[in-house]
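Peer 1: Take a look at run26.cif, mmCIF, C-alpha atoms:
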data_protein
#
loop_
_atom_site.group_PDB
_atom_site.id
_atom_site.type_symbol
_atom_site.label_atom_id
_atom_site.label_comp_id
_atom_site.auth_asym_id
_atom_site.auth_seq_id
_atom_site.Cartn_x
_atom_site.Cartn_y
_atom_site.Cartn_z
ATOM 1 C CA MET A 3 71.547 169.362 76.106
ATOM 2 C CA ILE A 4 71.460 172.290 73.667
ATOM 3 C CA GLU A 5 69.927 171.525 70.284
ATOM 4 C CA LEU A 6 71.253 173.497 67.302
ATOM 5 C CA PRO A 7 68.795 172.894 64.422
ATOM 6 C CA ASP A 8 70.695 175.165 62.024
ATOM 7 C CA ARG A 9 73.724 172.881 62.295
ATOM 8 C CA ASP A 10 71.827 169.626 62.764
ATOM 9 C CA ASP A 11 73.904 169.093 65.896
ATOM 10 C CA ALA A 12 73.743 169.401 69.672
ATOM 11 C CA LEU A 13 75.984 170.388 72.576
ATOM 12 C CA CYS A 14 75.745 168.958 76.071
ATOM 13 C CA PHE A 15 77.304 169.543 79.467
ATOM 14 C CA ASN A 16 76.655 168.860 83.135
ATOM 15 C CA ILE A 17 76.210 171.491 85.823
ATOM 16 C CA ASN A 18 77.025 170.373 89.346
ATOM 17 C CA ASP A 19 76.453 172.586 92.363
ATOM 18 C CA LYS A 20 75.287 172.369 95.935
ATOM 19 C CA PRO A 21 71.672 171.285 96.562
ATOM 20 C CA GLY A 22 69.486 174.359 96.960
ATOM 21 C CA SER A 23 71.364 176.362 94.331
ATOM 22 C CA ILE A 24 69.196 178.416 91.979
ATOM 23 C CA PHE A 25 70.186 178.824 88.334
ATOM 24 C CA ASN A 26 68.933 181.489 85.971
ATOM 25 C CA LEU A 27 67.968 179.405 82.925
ATOM 26 C CA VAL A 28 66.302 182.019 80.721
ATOM 27 C CA ARG A 29 66.252 185.799 81.047
ATOM 28 C CA ASP A 30 64.781 187.974 78.302
ATOM 29 C CA LEU A 31 64.499 191.536 79.582
ATOM 30 C CA LYS A 32 62.880 192.840 76.394
ATOM 31 C CA GLN A 33 60.016 190.369 76.632
ATOM 32 C CA GLY A 34 59.906 190.280 80.427
ATOM 33 C CA ILE A 35 60.513 186.515 80.655
ATOM 34 C CA LEU A 36 62.419 184.941 83.532
ATOM 35 C CA VAL A 37 62.919 181.232 84.231
ATOM 36 C CA ASN A 38 64.871 180.009 87.261
ATOM 37 C CA GLY A 39 65.506 176.462 88.402
ATOM 38 C CA GLU A 40 66.412 175.060 91.820
ATOM 39 C CA ILE A 41 68.349 171.822 92.277
ATOM 40 C CA ILE A 42 68.036 169.168 94.960
ATOM 41 C CA GLY A 43 70.401 166.380 95.969
ATOM 42 C CA ASP A 44 70.047 162.665 96.630
ATOM 43 C CA LYS A 45 68.181 161.520 99.737
ATOM 44 C CA MET A 46 71.468 160.377 101.225
ATOM 45 C CA ILE A 47 75.089 160.046 100.177
ATOM 46 C CA PRO A 48 75.525 156.998 97.868
ATOM 47 C CA PRO A 49 78.284 154.439 98.562
ATOM 48 C CA ASP A 50 80.545 156.023 95.930
ATOM 49 C CA GLY A 51 80.336 159.338 97.816
ATOM 50 C CA LYS A 52 79.089 161.240 94.748
ATOM 51 C CA ILE A 53 75.885 163.190 95.352
ATOM 52 C CA ASN A 54 73.728 163.611 92.261
ATOM 53 C CA THR A 55 71.726 166.808 91.877
ATOM 54 C CA TYR A 56 68.542 167.338 89.897
ATOM 55 C CA PHE A 57 66.179 170.161 89.043
ATOM 56 C CA TRP A 58 63.125 169.776 91.253
ATOM 57 C CA ARG A 59 61.499 173.205 91.003
ATOM 58 C CA PHE A 60 61.143 175.885 88.326
ATOM 59 C CA GLY A 61 59.874 179.433 88.604
ATOM 60 C CA ILE A 62 58.485 181.054 85.440
ATOM 61 C CA VAL A 63 57.565 184.731 85.252
ATOM 62 C CA HIS A 64 56.313 186.805 82.321
ATOM 63 C CA GLN A 65 56.207 190.328 83.683
ATOM 64 C CA THR A 66 54.616 191.824 80.579
ATOM 65 C CA LEU A 67 51.722 189.345 80.572
ATOM 66 C CA GLY A 68 51.446 189.304 84.358
ATOM 67 C CA VAL A 69 51.667 185.516 84.751
ATOM 68 C CA ARG A 70 53.685 183.442 87.205
ATOM 69 C CA LEU A 71 54.186 179.737 87.774
ATOM 70 C CA ILE A 72 55.989 177.609 90.318
ATOM 71 C CA VAL A 73 56.402 174.043 89.117
ATOM 72 C CA SER A 74 57.827 171.429 91.476
ATOM 73 C CA THR A 75 57.921 167.642 91.568
ATOM 74 C CA GLN A 76 55.020 167.878 94.019
ATOM 75 C CA ASP A 77 52.557 170.286 92.394
ATOM 76 C CA VAL A 78 52.025 173.239 90.056
ATOM 77 C CA SER A 79 50.948 176.727 91.156
ATOM 78 C CA VAL A 80 49.637 179.072 88.462
ATOM 79 C CA PHE A 81 48.895 182.768 88.928
ATOM 80 C CA GLN A 82 47.171 184.656 86.120
ATOM 81 C CA ASP A 83 44.203 186.973 85.680
ATOM 82 C CA GLY A 84 44.391 187.794 89.396
ATOM 83 C CA GLN A 85 43.766 184.207 90.486
ATOM 84 C CA LEU A 86 45.905 181.466 91.950
ATOM 85 C CA VAL A 87 45.253 177.898 90.815
ATOM 86 C CA LYS A 88 46.997 174.877 92.258
ATOM 87 C CA LEU A 89 47.298 171.685 90.212
ATOM 88 C CA GLN A 90 48.470 168.210 91.164
ATOM 89 C CA TRP A 91 50.624 165.939 89.002
ATOM 90 C CA SER A 92 48.213 163.109 89.850
ATOM 91 C CA ASP A 93 45.543 164.825 87.715
ATOM 92 C CA SER A 94 45.160 165.910 84.112
ATOM 93 C CA ALA A 95 44.039 169.481 83.565
ATOM 94 C CA SER A 96 43.743 172.200 80.953
ATOM 95 C CA LEU A 97 43.593 175.916 81.704
ATOM 96 C CA LYS A 98 43.056 178.650 79.142
ATOM 97 C CA GLY A 99 43.669 182.263 80.075
ATOM 98 C CA SER A 100 43.919 185.548 78.271
ATOM 99 C CA ASN A 101 47.727 185.434 78.261
ATOM 100 C CA MET A 102 48.696 181.834 78.960
ATOM 101 C CA ASP A 103 47.444 178.300 78.315
ATOM 102 C CA ILE A 104 48.324 175.350 80.556
ATOM 103 C CA LEU A 105 48.107 171.664 79.649
ATOM 104 C CA LEU A 106 48.910 169.184 82.417
ATOM 105 C CA THR A 107 49.192 165.516 81.504
ATOM 106 C CA LYS A 108 48.895 163.201 84.487
ATOM 107 C CA ASP A 109 52.286 162.176 85.942
ATOM 108 C CA HIS A 110 53.970 163.135 82.677
ATOM 109 C CA SER A 111 54.300 166.706 81.466
ATOM 110 C CA LEU A 112 53.256 170.326 81.758
ATOM 111 C CA THR A 113 53.035 172.504 78.648
ATOM 112 C CA VAL A 114 53.011 176.278 79.152
ATOM 113 C CA THR A 115 52.077 178.362 76.104
ATOM 114 C CA LEU A 116 52.643 182.095 76.496
ATOM 115 C CA LYS A 117 50.627 184.457 74.312
ATOM 116 C CA ASP A 118 52.533 185.441 71.148
ATOM 117 C CA SER A 119 55.678 183.952 72.626
ATOM 118 C CA VAL A 120 57.490 180.720 73.399
ATOM 119 C CA LYS A 121 56.237 177.423 74.739
ATOM 120 C CA PHE A 122 57.823 175.690 77.728
ATOM 121 C CA VAL A 123 57.561 171.947 78.336
ATOM 122 C CA ILE A 124 58.372 170.511 81.771
ATOM 123 C CA LEU A 125 58.615 166.743 82.171
ATOM 124 C CA LEU A 126 58.166 164.870 85.436
ATOM 125 C CA HIS A 127 60.617 162.010 85.919
ATOM 126 C CA LYS A 128 59.374 159.669 88.624
ATOM 127 C CA VAL A 129 61.615 157.154 90.338
ATOM 128 C CA TRP A 130 60.738 154.285 92.628
ATOM 129 C CA GLU A 131 59.300 155.849 95.754
ATOM 130 C CA LYS A 132 61.420 153.640 98.018
ATOM 131 C CA HIS A 133 64.668 154.176 96.116
ATOM 132 C CA PRO A 134 67.368 154.649 98.773
ATOM 133 C CA TYR A 135 69.081 157.553 96.981
ATOM 134 C CA HIS A 136 67.323 159.063 93.971
ATOM 135 C CA ARG A 137 64.392 161.492 93.945
ATOM 136 C CA ASN A 138 61.798 162.571 91.420
ATOM 137 C CA TYR A 139 63.104 165.352 89.184
ATOM 138 C CA LEU A 140 62.046 167.681 86.368
ATOM 139 C CA GLY A 141 63.252 168.247 82.816
ATOM 140 C CA PHE A 142 62.919 171.601 81.053
ATOM 141 C CA TYR A 143 62.531 172.264 77.314
ATOM 142 C CA THR A 144 61.830 175.437 75.317
ATOM 143 C CA LEU A 145 60.020 175.395 71.974
ATOM 144 C CA ASP A 146 59.966 178.197 69.388
ATOM 145 C CA THR A 147 63.125 179.735 70.809
ATOM 146 C CA HIS A 148 63.396 181.953 67.718
ATOM 147 C CA LEU A 149 60.606 184.048 69.229
ATOM 148 C CA MET A 150 62.951 185.199 71.997
ATOM 149 C CA SER A 151 64.653 188.565 71.585
ATOM 150 C CA SER A 152 68.283 188.818 70.497
ATOM 151 C CA SER A 153 69.275 189.806 74.044
ATOM 152 C CA VAL A 154 68.007 186.603 75.681
ATOM 153 C CA HIS A 155 70.519 185.086 78.071
ATOM 154 C CA GLY A 156 70.808 182.635 80.932
ATOM 155 C CA LEU A 157 72.253 179.176 81.297
ATOM 156 C CA LEU A 158 70.067 177.943 78.419
ATOM 157 C CA GLY A 159 68.929 181.205 76.878
ATOM 158 C CA GLN A 160 72.427 182.171 75.709
ATOM 159 C CA PHE A 161 72.198 179.397 73.095
ATOM 160 C CA TYR A 162 68.701 180.139 71.763
ATOM 161 C CA HIS A 163 70.037 182.018 68.747
ATOM 162 C CA GLY A 164 72.877 179.615 68.043
ATOM 163 C CA ILE A 165 76.611 179.664 68.725
ATOM 164 C CA ASN A 166 79.628 179.654 66.422
ATOM 165 C CA TYR A 167 82.072 176.785 66.861
ATOM 166 C CA GLU A 168 84.229 174.427 64.838
ATOM 167 C CA VAL A 169 85.303 170.866 65.636
ATOM 168 C CA SER A 170 88.463 169.190 64.314
ATOM 169 C CA ASP A 171 91.207 166.715 65.207
ATOM 170 C CA LEU A 172 88.910 163.755 65.781
ATOM 171 C CA ARG A 173 90.809 161.094 67.777
ATOM 172 C CA PRO A 174 90.156 157.987 69.892
ATOM 173 C CA GLY A 175 88.781 158.632 73.354
ATOM 174 C CA GLU A 176 88.725 156.659 76.583
ATOM 175 C CA VAL A 177 85.652 154.793 75.322
ATOM 176 C CA PRO A 178 85.976 153.385 71.768
ATOM 177 C CA GLU A 179 82.507 154.522 70.655
ATOM 178 C CA LYS A 180 83.028 158.013 72.125
ATOM 179 C CA PRO A 181 85.858 159.772 70.242
ATOM 180 C CA ASP A 182 87.476 162.975 71.485
ATOM 181 C CA ALA A 183 87.992 166.125 69.405
ATOM 182 C CA THR A 184 89.070 169.756 69.674
ATOM 183 C CA MET A 185 86.395 172.447 69.660
ATOM 184 C CA PHE A 186 87.194 176.055 68.745
ATOM 185 C CA VAL A 187 84.658 178.335 70.436
ATOM 186 C CA LYS A 188 84.798 181.877 71.847
ATOM 187 C CA GLY A 189 88.500 182.091 71.058
ATOM 188 C CA LEU A 190 89.275 178.971 73.105
ATOM 189 C CA GLU A 191 90.317 175.408 72.328
ATOM 190 C CA LEU A 192 88.319 172.827 74.297
ATOM 191 C CA ASN A 193 88.657 169.073 74.524
ATOM 192 C CA VAL A 194 85.224 167.588 73.790
ATOM 193 C CA THR A 195 83.828 164.081 73.504
ATOM 194 C CA ARG A 196 81.292 162.796 71.002
ATOM 195 C CA GLY A 197 78.562 161.077 72.958
ATOM 196 C CA TRP A 198 74.825 161.246 73.359
ATOM 197 C CA GLN A 199 72.177 162.461 75.746
ATOM 198 C CA ARG A 200 68.621 161.293 76.113
ATOM 199 C CA ASP A 201 65.711 163.446 74.950
ATOM 200 C CA PHE A 202 62.637 162.480 76.976
ATOM 201 C CA ARG A 203 60.018 164.552 75.180
ATOM 202 C CA ARG A 204 58.572 161.602 73.248
ATOM 203 C CA ASP A 205 59.292 158.887 75.810
ATOM 204 C CA VAL A 206 59.599 160.140 79.397
ATOM 205 C CA LYS A 207 60.823 156.737 80.640
ATOM 206 C CA LYS A 208 63.372 155.581 78.072
ATOM 207 C CA GLY A 209 64.041 158.707 76.025
ATOM 208 C CA ASP A 210 65.671 158.994 72.617
ATOM 209 C CA ASN A 211 69.460 159.043 72.247
ATOM 210 C CA VAL A 212 70.594 162.306 70.629
ATOM 211 C CA PRO A 213 74.247 162.629 69.484
ATOM 212 C CA CYS A 214 76.029 165.649 70.942
ATOM 213 C CA TRP A 215 79.438 167.130 71.693
ATOM 214 C CA PHE A 216 80.025 166.848 75.438
ATOM 215 C CA VAL A 217 81.933 169.747 76.992
ATOM 216 C CA HIS A 218 83.732 168.720 80.171
ATOM 217 C CA ASN A 219 84.225 170.532 83.488
ATOM 218 C CA ASN A 220 80.710 171.947 83.801
ATOM 219 C CA GLY A 221 80.789 173.398 80.287
ATOM 220 C CA THR A 222 83.824 175.574 81.044
ATOM 221 C CA GLY A 223 84.693 177.682 78.008
ATOM 222 C CA LEU A 224 81.368 177.015 76.311
ATOM 223 C CA ILE A 225 78.904 178.622 78.686
ATOM 224 C CA ASP A 226 79.350 182.053 80.181
ATOM 225 C CA VAL A 227 80.770 181.533 83.661
ATOM 226 C CA MET A 228 78.261 181.853 86.471
ATOM 227 C CA LEU A 229 79.302 184.297 89.173
ATOM 228 C CA GLY A 230 76.823 183.721 91.968
ATOM 229 C CA LYS A 231 73.701 182.785 90.046
ATOM 230 C CA ARG A 232 74.117 185.350 87.281
ATOM 231 C CA ILE A 233 75.742 184.700 83.913
ATOM 232 C CA PHE A 234 78.935 186.510 82.825
ATOM 233 C CA CYS A 235 81.450 185.794 80.063
ATOM 234 C CA PHE A 236 84.313 185.961 82.553
ATOM 235 C CA SER A 237 86.812 183.637 80.895
ATOM 236 C CA CYS A 238 86.754 185.670 77.676
ATOM 237 C CA MET A 239 87.988 188.863 79.366
ATOM 238 C CA PRO A 240 91.577 190.128 79.660
ATOM 239 C CA ALA A 241 93.113 189.750 83.128
ATOM 240 C CA VAL A 242 92.852 193.480 83.923
ATOM 241 C CA TRP A 243 89.153 193.465 83.041
ATOM 242 C CA ARG A 244 88.586 190.473 85.305
ATOM 243 C CA VAL A 245 90.096 192.328 88.277
ATOM 244 C CA MET A 246 87.965 195.385 87.556
ATOM 245 C CA LEU A 247 84.866 193.243 87.222
ATOM 246 C CA LEU A 248 85.492 191.528 90.541
ATOM 247 C CA LEU A 249 85.661 194.942 92.231
ATOM 248 C CA VAL A 250 82.281 196.127 91.012
ATOM 249 C CA CYS A 251 80.221 193.080 90.070
ATOM 250 C CA ILE A 252 78.878 192.619 93.593
ATOM 251 C CA CYS A 253 76.392 195.411 92.848
ATOM 252 C CA THR A 254 75.036 193.767 89.716
ATOM 253 C CA TRP A 255 75.136 190.356 91.322
ATOM 254 C CA LEU A 256 73.108 191.383 94.364
ATOM 255 C CA ALA A 257 70.611 193.171 92.154
ATOM 256 C CA ALA A 258 70.172 190.009 90.128
ATOM 257 C CA GLN A 259 69.647 187.981 93.296
ATOM 258 C CA THR A 260 66.827 190.297 94.307
ATOM 259 C CA HIS A 261 65.139 190.554 90.908
ATOM 260 C CA GLY A 262 65.684 186.914 89.975
ATOM 261 C CA ALA A 263 64.474 185.206 93.139
ATOM 262 C CA LEU A 264 62.758 181.943 92.399
ATOM 263 C CA VAL A 265 60.202 182.133 95.201
ATOM 264 C CA VAL A 266 57.967 185.202 95.087
ATOM 265 C CA PHE A 267 55.142 183.463 96.955
ATOM 266 C CA PRO A 268 54.853 182.418 100.596
ATOM 267 C CA ARG A 269 57.021 179.357 101.184
ATOM 268 C CA ASP A 270 54.232 177.334 102.776
ATOM 269 C CA ALA A 271 51.501 175.827 100.595
ATOM 270 C CA LEU A 272 51.349 178.878 98.293
ATOM 271 C CA LYS A 273 47.740 179.448 99.329
ATOM 272 C CA GLU A 274 47.673 183.174 98.645
ATOM 273 C CA VAL A 275 49.802 185.498 96.593
ATOM 274 C CA VAL A 276 52.279 187.962 98.014
ATOM 275 C CA GLU A 277 53.267 190.408 95.293
ATOM 276 C CA VAL A 278 56.757 191.869 95.243
ATOM 277 C CA TYR A 279 55.985 195.201 93.568
ATOM 278 C CA SER A 280 59.176 197.191 94.119
ATOM 279 C CA VAL A 281 62.875 196.329 94.193
ATOM 280 C CA THR A 282 65.622 198.940 94.276
ATOM 281 C CA VAL A 283 69.373 198.463 94.522
ATOM 282 C CA ASN A 284 71.832 201.276 95.232
ATOM 283 C CA CYS A 285 75.510 200.395 95.074
ATOM 284 C CA THR A 286 78.652 202.456 95.569
ATOM 285 C CA VAL A 287 82.248 201.245 95.256
ATOM 286 C CA THR A 288 84.959 202.998 97.279
ATOM 287 C CA SER A 289 88.540 201.820 97.765
ATOM 288 C CA ARG A 290 87.696 198.364 96.402
ATOM 289 C CA PHE A 291 84.742 197.920 98.769
ATOM 290 C CA ALA A 292 81.170 197.719 97.504
ATOM 291 C CA HIS A 293 78.407 199.104 99.731
ATOM 292 C CA THR A 294 75.002 197.927 98.559
ATOM 293 C CA ILE A 295 71.576 198.956 99.850
ATOM 294 C CA MET A 296 68.653 196.791 98.747
ATOM 295 C CA THR A 297 65.032 197.752 99.323
ATOM 296 C CA SER A 298 62.187 195.358 98.574
ATOM 297 C CA LYS A 299 58.475 196.084 98.995
ATOM 298 C CA ALA A 300 55.831 193.345 99.081
ATOM 299 C CA LEU A 301 52.032 193.430 99.230
ATOM 300 C CA ASN A 302 50.026 190.768 101.029
ATOM 301 C CA LYS A 303 46.834 190.330 99.000
ATOM 302 C CA ALA A 304 45.313 187.856 101.435
ATOM 303 C CA ASN A 305 42.876 188.680 104.205
ATOM 304 C CA THR A 306 45.115 187.047 106.791
ATOM 305 C CA SER A 307 48.735 187.504 107.813
ATOM 306 C CA GLN A 308 51.295 185.407 105.953
ATOM 307 C CA GLU A 309 54.932 184.518 106.337
ATOM 308 C CA ILE A 310 57.211 185.339 103.399
ATOM 309 C CA PHE A 311 60.947 185.105 102.947
ATOM 310 C CA PHE A 312 63.497 187.632 101.727
ATOM 311 C CA GLU A 313 66.422 185.560 100.465
ATOM 312 C CA VAL A 314 69.767 186.871 99.231
ATOM 313 C CA GLU A 315 72.827 184.681 98.841
ATOM 314 C CA LEU A 316 76.014 186.497 99.844
ATOM 315 C CA PRO A 317 79.579 185.926 98.647
ATOM 316 C CA LYS A 318 81.953 184.506 101.273
ATOM 317 C CA THR A 319 83.588 187.899 101.890
ATOM 318 C CA ALA A 320 80.356 189.905 102.110
ATOM 319 C CA PHE A 321 78.430 190.676 105.304
ATOM 320 C CA ILE A 322 75.229 192.429 106.384
ATOM 321 C CA ILE A 323 75.599 195.492 108.589
ATOM 322 C CA ASN A 324 71.911 196.450 108.878
ATOM 323 C CA PHE A 325 68.497 194.891 108.307
ATOM 324 C CA THR A 326 65.367 197.015 108.728
ATOM 325 C CA MET A 327 61.768 195.877 108.263
ATOM 326 C CA SER A 328 58.737 198.181 108.140
ATOM 327 C CA VAL A 329 55.264 196.644 108.393
#
Kindly transcribe the structure held in the file into structure tokens.

Peer 2:
Amino acid sequence: MIELPDRDDALCFNINDKPGSIFNLVRDLKQGILVNGEIIGDKMIPPDGKINTYFWRFGIVHQTLGVRLIVSTQDVSVFQDGQLVKLQWSDSASLKGSNMDILLTKDHSLTVTLKDSVKFVILLHKVWEKHPYHRNYLGFYTLDTHLMSSSVHGLLGQFYHGINYEVSDLRPGEVPEKPDATMFVKGLELNVTRGWQRDFRRDVKKGDNVPCWFVHNNGTGLIDVMLGKRIFCFSCMPAVWRVMLLLVCICTWLAAQTHGALVVFPRDALKEVVEVYSVTVNCTVTSRFAHTIMTSKALNKANTSQEIFFEVELPKTAFIINFTMSV
């Protein structure tokens, strides 16, 4: 759900993808803020065959302030001032640092306040432990979004400074209390439905119903289309531009995968920090083929050896011709 205070309105849409997919939620290059989220699926396929997906882990990085967090449904790992602190949802805790304050409310919420910047609120939604299908999941909210730069983007960030749209032709929908309408946005006409979504910030169990315009088909036409896990306004481009973009975007896309990785710590219990201090991407396009060389350098700050993971998701038509590791 995207709140639009200037219009006293809200927009909402669903994003469905395969479990394990990572979405770039917020990316503000000027401020050095990056927020990614990873989704997880049901424990098993429900009788109706529809697998629900939920956000279960978020990675938050502020490069300028030098702080990093990994927040999952299991625990919270905080790295700031050269130290790594691990918190459990079963406890309440408060941490104050030079660049970031953390407030953890037991089995409820985590509030992250960045110095001279925005505040993030992450809610923990707990389900019955023995539920045959559903899992615990997380909700993500951003406060003081006006403090973001004008270039902020991402699945959520693209709306932080508002969006221009008009709604007309209100008509009956499939459900009597949920009328349909036509939305004019980004030069497109979209069929939308007036409904509501629940805001859990005040009541994490029941939530408050907030009226919103629901955009169907994963927000197609409203949000910038996601190519890989990056955000592009693909549908707004002329056909010729789309073809040109498809020929060269693999370079930008792979660079984003490297810079925007969710996990920059060891995958096991996150006991020590492994710092990724250098990432370079060199891409050339010849005869419609993109040749990309990625180099990543990491520093193990622990006194013992650790296992880390270099993860890059490739398009279906891409392949790796060489992998070299220097230790």

Peer 1: For Gly164 (chain A), work out the shell of residues within 12 Å, counting all atoms listed in the file and skipping chain neighbours fewer than 3 positions away, then give it as a ChimeraX atom specification.

Peer 2: /A:4-13,147-148,152,154-155,158-161,167

Peer 1: Which neighbours of region 112-118 of chain A fall inside 10 Å, counting all atoms listed in the file, when residues of the same chain fewer than 3 positions from it are skipped, and could you give them as a PDB file with C-alpha atoms, in the coordinates of the input?

Peer 2:
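What landed in around_20.pdb:
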ATOM      1  CA  ILE A  35      60.513 186.515  80.655  1.00  0.00           C
ATOM      2  CA  ILE A  62      58.485 181.054  85.440  1.00  0.00           C
ATOM      3  CA  HIS A  64      56.313 186.805  82.321  1.00  0.00           C
ATOM      4  CA  LEU A  67      51.722 189.345  80.572  1.00  0.00           C
ATOM      5  CA  VAL A  69      51.667 185.516  84.751  1.00  0.00           C
ATOM      6  CA  LEU A  71      54.186 179.737  87.774  1.00  0.00           C
ATOM      7  CA  VAL A  73      56.402 174.043  89.117  1.00  0.00           C
ATOM      8  CA  VAL A  78      52.025 173.239  90.056  1.00  0.00           C
ATOM      9  CA  TRP A  91      50.624 165.939  89.002  1.00  0.00           C
ATOM     10  CA  SER A  94      45.160 165.910  84.112  1.00  0.00           C
ATOM     11  CA  ALA A  95      44.039 169.481  83.565  1.00  0.00           C
ATOM     12  CA  SER A  96      43.743 172.200  80.953  1.00  0.00           C
ATOM     13  CA  LEU A  97      43.593 175.916  81.704  1.00  0.00           C
ATOM     14  CA  LYS A  98      43.056 178.650  79.142  1.00  0.00           C
ATOM     15  CA  GLY A  99      43.669 182.263  80.075  1.00  0.00           C
ATOM     16  CA  SER A 100      43.919 185.548  78.271  1.00  0.00           C
ATOM     17  CA  ASN A 101      47.727 185.434  78.261  1.00  0.00           C
ATOM     18  CA  MET A 102      48.696 181.834  78.960  1.00  0.00           C
ATOM     19  CA  ASP A 103      47.444 178.300  78.315  1.00  0.00           C
ATOM     20  CA  ILE A 104      48.324 175.350  80.556  1.00  0.00           C
ATOM     21  CA  LEU A 105      48.107 171.664  79.649  1.00  0.00           C
ATOM     22  CA  LEU A 106      48.910 169.184  82.417  1.00  0.00           C
ATOM     23  CA  THR A 107      49.192 165.516  81.504  1.00  0.00           C
ATOM     24  CA  LYS A 108      48.895 163.201  84.487  1.00  0.00           C
ATOM     25  CA  ASP A 109      52.286 162.176  85.942  1.00  0.00           C
ATOM     26  CA  LYS A 121      56.237 177.423  74.739  1.00  0.00           C
ATOM     27  CA  PHE A 122      57.823 175.690  77.728  1.00  0.00           C
ATOM     28  CA  VAL A 123      57.561 171.947  78.336  1.00  0.00           C
ATOM     29  CA  ILE A 124      58.372 170.511  81.771  1.00  0.00           C
ATOM     30  CA  LEU A 125      58.615 166.743  82.171  1.00  0.00           C
ATOM     31  CA  LEU A 126      58.166 164.870  85.436  1.00  0.00           C
ATOM     32  CA  PHE A 142      62.919 171.601  81.053  1.00  0.00           C
ATOM     33  CA  TYR A 143      62.531 172.264  77.314  1.00  0.00           C
ATOM     34  CA  THR A 144      61.830 175.437  75.317  1.00  0.00           C
ATOM     35  CA  LEU A 145      60.020 175.395  71.974  1.00  0.00           C
ATOM     36  CA  LEU A 149      60.606 184.048  69.229  1.00  0.00           C
TER      37      LEU A 149
END

Peer 1: Here is a test: counting only C-alpha atoms, which residue of A:Leu172, A:Thr282, A:Leu301, A:His110 is nearest to Phe202 (chain A)?

Peer 2: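 Nearest candidate to Phe202 (chain A) out of A:Leu172, A:Thr282, A:Leu301, A:His110: A:His110.
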
Peer 1: When you count all atoms listed in the file, which of these residues is closest to Phe216 (chain A): A:Leu190, A:Val177, A:Cys14, A:Leu316?

Peer 2: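 So, comparing all the options, the nearest one is A:Cys14.
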
Peer 1: May I ask for the distance between CA of Asn284 (chain A) and CA of Ser298 (chain A), given in Å to one decimal place?

Peer 2: 11.8 Å

Peer 1: A:Gly141, A:Gly43, A:Gly34, A:Gly61: which is nearest Asn18 (chain A), counting only C-alpha atoms?

Peer 2: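 The closest residue to Asn18 (chain A) is A:Gly43.
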
Peer 1: Just so the selection is clear, what residues does the PyMOL selection byres ((chain A and resi 324) around 12) cover here, as a short mmCIF file (atom, residue, chain, number, x, y, z; two decimals) with C-alpha atoms, in the frame of the given file?

Peer 2:
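Okay, this is what ended up in out-v1.cif:
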data_model
loop_
_atom_site.label_atom_id
_atom_site.label_comp_id
_atom_site.auth_asym_id
_atom_site.auth_seq_id
_atom_site.Cartn_x
_atom_site.Cartn_y
_atom_site.Cartn_z
CA HIS A 293 78.41 199.10 99.73
CA THR A 294 75.00 197.93 98.56
CA ILE A 295 71.58 198.96 99.85
CA MET A 296 68.65 196.79 98.75
CA THR A 297 65.03 197.75 99.32
CA PHE A 321 78.43 190.68 105.30
CA ILE A 322 75.23 192.43 106.38
CA ILE A 323 75.60 195.49 108.59
CA PHE A 325 68.50 194.89 108.31
CA THR A 326 65.37 197.02 108.73
CA MET A 327 61.77 195.88 108.26
#

Peer 1: What does the structure give for the distance between CA of Val169 (chain A) and CA of Pro213 (chain A), in Å to one decimal?

Peer 2: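 CA of Pro213 (chain A) lies 14.3 Å from CA of Val169 (chain A).
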
Peer 1: Which is closer to Lys45 (chain A) than all the others in A:Phe81, A:Trp58, A:Tyr135, A:Tyr279, using all atoms listed in the file?

Peer 2: A:Tyr135

Peer 1: I want to know what sits within 7 Å of Phe15 (chain A), based on only C-alpha atoms, with residues of the same chain fewer than 5 positions away left out; could you give that as a PyMOL selection string?

Peer 2: chain A and resi 3+216-218+220-221

Peer 1: Can you translate the PyMOL selection byres ((chain A and resi 223) around 8) into the concrete residues it hits in this file, as a short mmCIF file (atom, residue, chain, number, x, y, z; two decimals) with C-alpha atoms, in the frame of the given file?

Peer 2:
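Generated file (out-v2.cif):
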data_model
loop_
_atom_site.label_atom_id
_atom_site.label_comp_id
_atom_site.auth_asym_id
_atom_site.auth_seq_id
_atom_site.Cartn_x
_atom_site.Cartn_y
_atom_site.Cartn_z
CA VAL A 187 84.66 178.34 70.44
CA LYS A 188 84.80 181.88 71.85
CA LEU A 190 89.28 178.97 73.10
CA LEU A 192 88.32 172.83 74.30
CA GLY A 221 80.79 173.40 80.29
CA THR A 222 83.82 175.57 81.04
CA LEU A 224 81.37 177.02 76.31
CA ILE A 225 78.90 178.62 78.69
CA ASP A 226 79.35 182.05 80.18
CA VAL A 227 80.77 181.53 83.66
CA SER A 237 86.81 183.64 80.90
#

Peer 1: So that I can check the surroundings of region 21-32 of chain A, please list as a list in words every protein, DNA and RNA residue that reaches within 7 Å of it, counting only C-alpha atoms and ignoring chain neighbours fewer than 3 positions away.

Peer 2: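 Listed by chain and then number, they are Ile35, Leu36, Val37, Asn38, Gly39, Glu40, Ile41, Ile42, Gly43, Thr55, Ser151, Ser153, Val154, His155, Gly156, Leu157, Leu158, Gly159, Lys231 and Arg232 of chain A.
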